[in-house]
Amino acid sequence: MKISLPLFPPYTSLPERAWFFALRGFNALVLLFLMLPILVIIPLSFSDSSFLSYPIPGLSLRWYDNLLRSEEWMRAARNSFIVAPLATLIATVLGTLAAVGLNKADFPGKGLLMAVLISPMVVPVVVVGVGVYLLFAKIGLSDSYTGLVLAHAALGAPFVVTTVSATLQGFNHNLVRASLSMGASPLMTFFRVTLPVIAPGLISGALFAFATSFDEVVITLFLAGPGQATLPRQMFTGIRENISPTIAALATILIIFSTCLLLALEWLRGRNKAAARM
């Protein structure tokens, strides 16, 4: 038998219902305010005009064609898809090891060490960029892929540390002791016992680290040479020199790409919650 539930409990008064709709209406307006600058860019990418202007005189795919045929934009895209995955891999490995180690250990100064590890999240990026540039210039890592990957990994690692640490809060360490007592090696115990538990936090942190690296422009301006220019740096250069609708076309592609990342994250979280309930 199908049971339909009322929208409001029977004891809900008229002022409470008015507040209910007013609050949700306000939330919808705030969401629209935040999304409007993004939604405005998408129609401009299909304009046949050479300028970013409304109203759009006509529709065209010329700027997407220009984006795909441009050697500079394709080189920047290739650099982004080289740097971001490598930085994400390093950030995920180091951030996971740091979170697991801090969760197991208990020593004086643990909170201070945690604050140092997540400091790239709160320190202004310009300050980080200047410091990294001064250090890497002395050791020969400026204007190189290695320096750019390491700097981006340092920015992404705090996200992995925080998400994995949050996942480990309710972790039962007796499972690890039981695995070790049964003869499993520490490495096998990590992959068979600890990793499945921290997988949701690890995946979330890795996606945030990837998004941070893929979107980073300030540190890239300090460290990257002409051959290591990424998409955000190329967009910054294009905006500074000549505002072209090609930038709107790339922005539309990046919006779709970021949306797919968020949907993948929510899908993985849903699967993990469903598996936990079973």
# chains A, B, ... in the order shown; residues from 1 in each chain; ligands from 1
>>> residues_around(residues="Ile82 (chain A)", least_positions_apart="5", cutoff="9 Å", atoms="only C-alpha atoms", output="PyMOL selection string")
chain A and resi 77+87+145+149
>>> residues_around(residues="Ser50 (chain A)", least_positions_apart="3", cutoff="10 Å", atoms="only C-alpha atoms", output="list of chain:residue names")
A:Ser47, A:Ser53, A:Arg62, A:Trp63, A:Ile243, A:Ser244, A:Pro245, A:Thr246
>>> closest_atom_pairs(of="region 105-156 of chain A", to="region 222-231 of chain A", cutoff="12 Å", atoms="only C-alpha atoms", output="Markdown table")
| residue | atom | partner | partner_atom | distance |
| --- | --- | --- | --- | --- |
| A:Val125 | CA | A:Phe222 | CA | 10.9 |
| A:Val126 | CA | A:Phe222 | CA | 9.1 |
| A:Val127 | CA | A:Phe222 | CA | 10.9 |
| A:Val128 | CA | A:Phe222 | CA | 10.0 |
| A:Gly129 | CA | A:Phe222 | CA | 6.2 |
| A:Val130 | CA | A:Phe222 | CA | 7.2 |
| A:Gly131 | CA | A:Phe222 | CA | 9.9 |
| A:Val132 | CA | A:Leu223 | CA | 8.1 |
| A:Tyr133 | CA | A:Leu223 | CA | 6.1 |
| A:Leu134 | CA | A:Phe222 | CA | 9.5 |
| A:Leu135 | CA | A:Leu223 | CA | 10.6 |
| A:Phe136 | CA | A:Leu223 | CA | 8.2 |
| A:Ala137 | CA | A:Leu223 | CA | 8.6 |
| A:Gly140 | CA | A:Leu223 | CA | 10.8 |
| A:Leu141 | CA | A:Leu223 | CA | 8.3 |
| A:Ser142 | CA | A:Leu223 | CA | 5.1 |
| A:Asp143 | CA | A:Gly225 | CA | 4.5 |
| A:Ser144 | CA | A:Ala224 | CA | 6.5 |
| A:Tyr145 | CA | A:Gln228 | CA | 6.6 |
| A:Thr146 | CA | A:Ala224 | CA | 10.1 |
| A:Gly147 | CA | A:Leu223 | CA | 7.2 |
| A:Leu148 | CA | A:Leu223 | CA | 6.3 |
| A:Val149 | CA | A:Leu223 | CA | 10.1 |
| A:Leu150 | CA | A:Leu223 | CA | 10.7 |
| A:Ala151 | CA | A:Leu223 | CA | 8.7 |
| A:His152 | CA | A:Leu223 | CA | 10.6 |
>>> atom_distance(atom1="CA of Leu86 (chain A)", atom2="CA of Phe208 (chain A)")
13.8 Å
>>> atom_distance(atom1="CA of Leu265 (chain A)", atom2="CA of Ser213 (chain A)")
16.9 Å
>>> residues_around(residues="region 187-198 of chain A", least_positions_apart="2", cutoff="7 Å", atoms="only C-alpha atoms", output="list in words")
Val164, Thr167, Leu168, Val176, Ser179, Leu180, Ala184, Ser185, Pro200, Gly201 and Leu202 of chain A
>>> select_by_dssp(residues="region 93-249 of chain A", states="alpha helix (DSSP H)", output="PDB file with C-alpha atoms, in the first residue's frame")
ATOM      1  CA  VAL A  93      50.480   9.273  -0.857  1.00  0.00           C
ATOM      2  CA  LEU A  94      52.180  11.736   1.483  1.00  0.00           C
ATOM      3  CA  GLY A  95      48.915  13.076   2.920  1.00  0.00           C
ATOM      4  CA  THR A  96      47.587   9.585   3.618  1.00  0.00           C
ATOM      5  CA  LEU A  97      50.803   8.469   5.317  1.00  0.00           C
ATOM      6  CA  ALA A  98      50.850  11.632   7.425  1.00  0.00           C
ATOM      7  CA  ALA A  99      47.217  11.238   8.474  1.00  0.00           C
ATOM      8  CA  VAL A 100      47.637   7.553   9.381  1.00  0.00           C
ATOM      9  CA  GLY A 101      50.841   8.253  11.306  1.00  0.00           C
ATOM     10  CA  LEU A 102      49.335  11.152  13.244  1.00  0.00           C
ATOM     11  CA  ASN A 103      46.254   9.098  14.049  1.00  0.00           C
ATOM     12  CA  LYS A 104      48.331   6.275  15.530  1.00  0.00           C
ATOM     13  CA  LYS A 110      51.097  16.755  17.673  1.00  0.00           C
ATOM     14  CA  GLY A 111      48.654  19.621  17.246  1.00  0.00           C
ATOM     15  CA  LEU A 112      51.464  21.955  16.171  1.00  0.00           C
ATOM     16  CA  LEU A 113      52.652  19.435  13.583  1.00  0.00           C
ATOM     17  CA  MET A 114      49.113  19.085  12.256  1.00  0.00           C
ATOM     18  CA  ALA A 115      48.866  22.863  11.974  1.00  0.00           C
ATOM     19  CA  VAL A 116      52.111  22.957   9.993  1.00  0.00           C
ATOM     20  CA  LEU A 117      50.871  20.251   7.630  1.00  0.00           C
ATOM     21  CA  VAL A 125      49.045  31.674  -1.936  1.00  0.00           C
ATOM     22  CA  VAL A 126      51.193  34.682  -2.881  1.00  0.00           C
ATOM     23  CA  VAL A 127      53.292  34.169   0.245  1.00  0.00           C
ATOM     24  CA  VAL A 128      53.664  30.475  -0.548  1.00  0.00           C
ATOM     25  CA  GLY A 129      54.559  31.303  -4.152  1.00  0.00           C
ATOM     26  CA  VAL A 130      57.292  33.770  -3.165  1.00  0.00           C
ATOM     27  CA  GLY A 131      58.765  31.373  -0.605  1.00  0.00           C
ATOM     28  CA  VAL A 132      58.720  28.408  -2.965  1.00  0.00           C
ATOM     29  CA  TYR A 133      60.250  30.458  -5.761  1.00  0.00           C
ATOM     30  CA  LEU A 134      63.119  31.704  -3.569  1.00  0.00           C
ATOM     31  CA  LEU A 135      63.842  28.143  -2.423  1.00  0.00           C
ATOM     32  CA  PHE A 136      63.488  26.426  -5.779  1.00  0.00           C
ATOM     33  CA  ALA A 137      65.540  29.084  -7.579  1.00  0.00           C
ATOM     34  CA  LYS A 138      68.501  28.274  -5.328  1.00  0.00           C
ATOM     35  CA  ILE A 139      68.306  24.510  -5.907  1.00  0.00           C
ATOM     36  CA  TYR A 145      58.073  20.329 -14.234  1.00  0.00           C
ATOM     37  CA  THR A 146      59.591  18.847 -11.080  1.00  0.00           C
ATOM     38  CA  GLY A 147      59.377  22.085  -9.128  1.00  0.00           C
ATOM     39  CA  LEU A 148      55.849  22.771 -10.363  1.00  0.00           C
ATOM     40  CA  VAL A 149      54.650  19.274  -9.421  1.00  0.00           C
ATOM     41  CA  LEU A 150      56.213  19.457  -5.959  1.00  0.00           C
ATOM     42  CA  ALA A 151      54.716  22.890  -5.276  1.00  0.00           C
ATOM     43  CA  HIS A 152      51.253  21.775  -6.380  1.00  0.00           C
ATOM     44  CA  ALA A 153      51.588  18.613  -4.290  1.00  0.00           C
ATOM     45  CA  ALA A 154      52.354  20.747  -1.233  1.00  0.00           C
ATOM     46  CA  LEU A 155      49.138  22.686  -1.856  1.00  0.00           C
ATOM     47  CA  GLY A 156      47.036  19.540  -2.301  1.00  0.00           C
ATOM     48  CA  ALA A 157      48.428  17.426   0.548  1.00  0.00           C
ATOM     49  CA  PRO A 158      46.556  19.315   3.333  1.00  0.00           C
ATOM     50  CA  PHE A 159      43.220  18.352   1.761  1.00  0.00           C
ATOM     51  CA  VAL A 160      44.205  14.691   1.874  1.00  0.00           C
ATOM     52  CA  VAL A 161      45.456  14.995   5.460  1.00  0.00           C
ATOM     53  CA  THR A 162      42.222  16.564   6.704  1.00  0.00           C
ATOM     54  CA  THR A 163      39.818  14.222   4.886  1.00  0.00           C
ATOM     55  CA  VAL A 164      41.716  11.049   5.787  1.00  0.00           C
ATOM     56  CA  SER A 165      42.132  12.206   9.400  1.00  0.00           C
ATOM     57  CA  ALA A 166      38.383  12.799   9.618  1.00  0.00           C
ATOM     58  CA  THR A 167      37.736   9.283   8.268  1.00  0.00           C
ATOM     59  CA  ASN A 174      41.826  -3.451  17.170  1.00  0.00           C
ATOM     60  CA  LEU A 175      41.278  -4.516  13.563  1.00  0.00           C
ATOM     61  CA  VAL A 176      44.904  -3.683  12.786  1.00  0.00           C
ATOM     62  CA  ARG A 177      46.120  -5.530  15.886  1.00  0.00           C
ATOM     63  CA  ALA A 178      44.034  -8.546  14.972  1.00  0.00           C
ATOM     64  CA  SER A 179      45.444  -8.573  11.440  1.00  0.00           C
ATOM     65  CA  LEU A 180      49.016  -8.343  12.703  1.00  0.00           C
ATOM     66  CA  SER A 181      48.417 -11.063  15.284  1.00  0.00           C
ATOM     67  CA  PRO A 186      52.110  -4.204   8.158  1.00  0.00           C
ATOM     68  CA  LEU A 187      51.916  -3.475   4.432  1.00  0.00           C
ATOM     69  CA  MET A 188      49.267  -6.122   3.843  1.00  0.00           C
ATOM     70  CA  THR A 189      47.363  -4.929   6.893  1.00  0.00           C
ATOM     71  CA  LEU A 195      42.777   1.348   3.194  1.00  0.00           C
ATOM     72  CA  PRO A 196      39.172   0.142   2.659  1.00  0.00           C
ATOM     73  CA  VAL A 197      38.106   2.139   5.717  1.00  0.00           C
ATOM     74  CA  ILE A 198      39.840   5.374   4.725  1.00  0.00           C
ATOM     75  CA  ALA A 199      38.988   5.046   1.005  1.00  0.00           C
ATOM     76  CA  PRO A 200      36.145   7.635   1.080  1.00  0.00           C
ATOM     77  CA  GLY A 201      38.340  10.267   2.705  1.00  0.00           C
ATOM     78  CA  LEU A 202      41.285   9.365   0.510  1.00  0.00           C
ATOM     79  CA  ILE A 203      39.271   9.691  -2.700  1.00  0.00           C
ATOM     80  CA  SER A 204      37.706  12.966  -1.565  1.00  0.00           C
ATOM     81  CA  GLY A 205      41.094  14.401  -0.648  1.00  0.00           C
ATOM     82  CA  ALA A 206      42.605  13.253  -3.939  1.00  0.00           C
ATOM     83  CA  LEU A 207      39.832  14.945  -5.930  1.00  0.00           C
ATOM     84  CA  PHE A 208      40.276  18.173  -3.968  1.00  0.00           C
ATOM     85  CA  ALA A 209      44.049  17.979  -4.483  1.00  0.00           C
ATOM     86  CA  PHE A 210      43.556  17.449  -8.216  1.00  0.00           C
ATOM     87  CA  ALA A 211      41.134  20.380  -8.461  1.00  0.00           C
ATOM     88  CA  THR A 212      43.546  22.593  -6.487  1.00  0.00           C
ATOM     89  CA  SER A 213      46.468  21.753  -8.749  1.00  0.00           C
ATOM     90  CA  PHE A 214      44.444  22.000 -11.945  1.00  0.00           C
ATOM     91  CA  ASP A 215      43.098  25.441 -10.969  1.00  0.00           C
ATOM     92  CA  VAL A 218      49.632  32.107  -8.629  1.00  0.00           C
ATOM     93  CA  ILE A 219      52.403  29.608  -7.880  1.00  0.00           C
ATOM     94  CA  THR A 220      52.493  28.661 -11.560  1.00  0.00           C
ATOM     95  CA  LEU A 221      53.210  32.301 -12.420  1.00  0.00           C
ATOM     96  CA  PHE A 222      56.214  32.210 -10.083  1.00  0.00           C
ATOM     97  CA  LEU A 223      57.635  28.810 -11.007  1.00  0.00           C
ATOM     98  CA  LEU A 231      45.657  26.241 -18.580  1.00  0.00           C
ATOM     99  CA  PRO A 232      45.020  28.700 -15.700  1.00  0.00           C
ATOM    100  CA  ARG A 233      48.242  30.578 -16.515  1.00  0.00           C
ATOM    101  CA  GLN A 234      47.380  30.657 -20.205  1.00  0.00           C
ATOM    102  CA  MET A 235      43.924  31.992 -19.331  1.00  0.00           C
ATOM    103  CA  PHE A 236      45.491  34.656 -17.112  1.00  0.00           C
ATOM    104  CA  THR A 237      47.821  35.678 -19.935  1.00  0.00           C
ATOM    105  CA  GLY A 238      44.940  35.777 -22.412  1.00  0.00           C
ATOM    106  CA  ILE A 239      42.812  37.938 -20.142  1.00  0.00           C
ATOM    107  CA  ARG A 240      45.685  40.347 -19.560  1.00  0.00           C
ATOM    108  CA  GLU A 241      46.667  40.698 -23.227  1.00  0.00           C
ATOM    109  CA  PRO A 245      35.806  34.324 -26.491  1.00  0.00           C
ATOM    110  CA  THR A 246      38.231  31.393 -26.694  1.00  0.00           C
ATOM    111  CA  ILE A 247      38.666  31.875 -22.947  1.00  0.00           C
ATOM    112  CA  ALA A 248      34.897  31.532 -22.508  1.00  0.00           C
ATOM    113  CA  ALA A 249      34.992  28.283 -24.507  1.00  0.00           C
TER     114      ALA A 249
END
>>> atom_distance(atom1="CA of Val40 (chain A)", atom2="CA of Ala28 (chain A)")
17.3 Å
>>> residues_around(residues="Pro55 (chain A)", least_positions_apart="3", cutoff="10 Å", atoms="only C-alpha atoms", output="PDB file with C-alpha atoms, in the first residue's frame")
ATOM      1  CA  PRO A  43      26.366  31.370 -23.728  1.00  0.00           C
ATOM      2  CA  LEU A  44      29.302  33.677 -24.552  1.00  0.00           C
ATOM      3  CA  SER A  47      28.873  33.623 -29.726  1.00  0.00           C
ATOM      4  CA  LEU A  52      32.552  39.181 -24.965  1.00  0.00           C
ATOM      5  CA  GLY A  58      24.650  34.829 -33.367  1.00  0.00           C
TER       6      GLY A  58
END
>>> decode(residues="region 163-187 of chain A", atoms="N, CA, C and O atoms", output="short mmCIF file (atom, residue, chain, number, x, y, z; two decimals), in the first residue's frame")
data_model
loop_
_atom_site.label_atom_id
_atom_site.label_comp_id
_atom_site.auth_asym_id
_atom_site.auth_seq_id
_atom_site.Cartn_x
_atom_site.Cartn_y
_atom_site.Cartn_z
N THR A 163 40.90 15.16 5.19
CA THR A 163 39.82 14.22 4.89
C THR A 163 40.11 12.82 5.41
O THR A 163 39.23 12.15 5.95
N VAL A 164 41.36 12.38 5.27
CA VAL A 164 41.72 11.05 5.79
C VAL A 164 41.71 11.04 7.31
O VAL A 164 41.25 10.07 7.93
N SER A 165 42.17 12.12 7.93
CA SER A 165 42.13 12.21 9.40
C SER A 165 40.70 12.15 9.91
O SER A 165 40.41 11.51 10.94
N ALA A 166 39.79 12.84 9.21
CA ALA A 166 38.38 12.80 9.62
C ALA A 166 37.81 11.38 9.49
O ALA A 166 37.01 10.94 10.32
N THR A 167 38.22 10.66 8.45
CA THR A 167 37.74 9.28 8.27
C THR A 167 38.28 8.36 9.35
O THR A 167 37.60 7.41 9.77
N LEU A 168 39.49 8.63 9.82
CA LEU A 168 40.13 7.76 10.82
C LEU A 168 39.64 8.01 12.24
O LEU A 168 40.03 7.28 13.15
N GLN A 169 38.80 9.03 12.45
CA GLN A 169 38.35 9.34 13.80
C GLN A 169 37.60 8.17 14.44
O GLN A 169 37.73 7.91 15.62
N GLY A 170 36.80 7.47 13.67
CA GLY A 170 36.05 6.35 14.23
C GLY A 170 36.65 5.00 13.91
O GLY A 170 35.96 3.97 14.03
N PHE A 171 37.92 4.99 13.50
CA PHE A 171 38.55 3.73 13.11
C PHE A 171 38.90 2.90 14.34
O PHE A 171 39.43 3.40 15.32
N ASN A 172 38.59 1.61 14.27
CA ASN A 172 38.88 0.68 15.37
C ASN A 172 40.26 0.06 15.14
O ASN A 172 40.44 -0.79 14.26
N HIS A 173 41.24 0.48 15.93
CA HIS A 173 42.60 -0.02 15.76
C HIS A 173 42.75 -1.47 16.18
O HIS A 173 43.79 -2.08 15.90
N ASN A 174 41.76 -2.02 16.84
CA ASN A 174 41.83 -3.45 17.17
C ASN A 174 41.82 -4.31 15.91
O ASN A 174 42.35 -5.43 15.91
N LEU A 175 41.25 -3.78 14.82
CA LEU A 175 41.28 -4.52 13.56
C LEU A 175 42.71 -4.67 13.06
O LEU A 175 43.08 -5.73 12.53
N VAL A 176 43.50 -3.62 13.21
CA VAL A 176 44.90 -3.68 12.79
C VAL A 176 45.67 -4.67 13.66
O VAL A 176 46.46 -5.49 13.17
N ARG A 177 45.43 -4.60 14.98
CA ARG A 177 46.12 -5.53 15.89
C ARG A 177 45.74 -6.97 15.59
O ARG A 177 46.58 -7.88 15.62
N ALA A 178 44.47 -7.19 15.29
CA ALA A 178 44.03 -8.55 14.97
C ALA A 178 44.69 -9.05 13.69
O ALA A 178 45.11 -10.22 13.60
N SER A 179 44.81 -8.18 12.70
CA SER A 179 45.44 -8.57 11.44
C SER A 179 46.91 -8.90 11.66
O SER A 179 47.42 -9.90 11.12
N LEU A 180 47.60 -8.08 12.44
CA LEU A 180 49.02 -8.34 12.70
C LEU A 180 49.20 -9.61 13.52
O LEU A 180 50.17 -10.37 13.31
N SER A 181 48.30 -9.85 14.46
CA SER A 181 48.42 -11.06 15.28
C SER A 181 48.17 -12.33 14.48
O SER A 181 48.63 -13.41 14.86
N MET A 182 47.46 -12.21 13.36
CA MET A 182 47.21 -13.37 12.50
C MET A 182 48.33 -13.62 11.51
O MET A 182 48.25 -14.54 10.68
N GLY A 183 49.38 -12.82 11.58
CA GLY A 183 50.55 -13.06 10.74
C GLY A 183 50.65 -12.18 9.52
O GLY A 183 51.59 -12.33 8.73
N ALA A 184 49.74 -11.26 9.33
CA ALA A 184 49.81 -10.37 8.17
C ALA A 184 50.90 -9.31 8.38
O ALA A 184 51.14 -8.86 9.50
N SER A 185 51.57 -8.94 7.32
CA SER A 185 52.60 -7.91 7.39
C SER A 185 51.95 -6.54 7.55
O SER A 185 50.76 -6.36 7.22
N PRO A 186 52.69 -5.55 8.05
CA PRO A 186 52.11 -4.20 8.16
C PRO A 186 51.62 -3.65 6.82
O PRO A 186 50.59 -2.98 6.77
N LEU A 187 52.34 -3.97 5.74
CA LEU A 187 51.92 -3.47 4.43
C LEU A 187 50.61 -4.13 4.00
O LEU A 187 49.69 -3.46 3.51
#
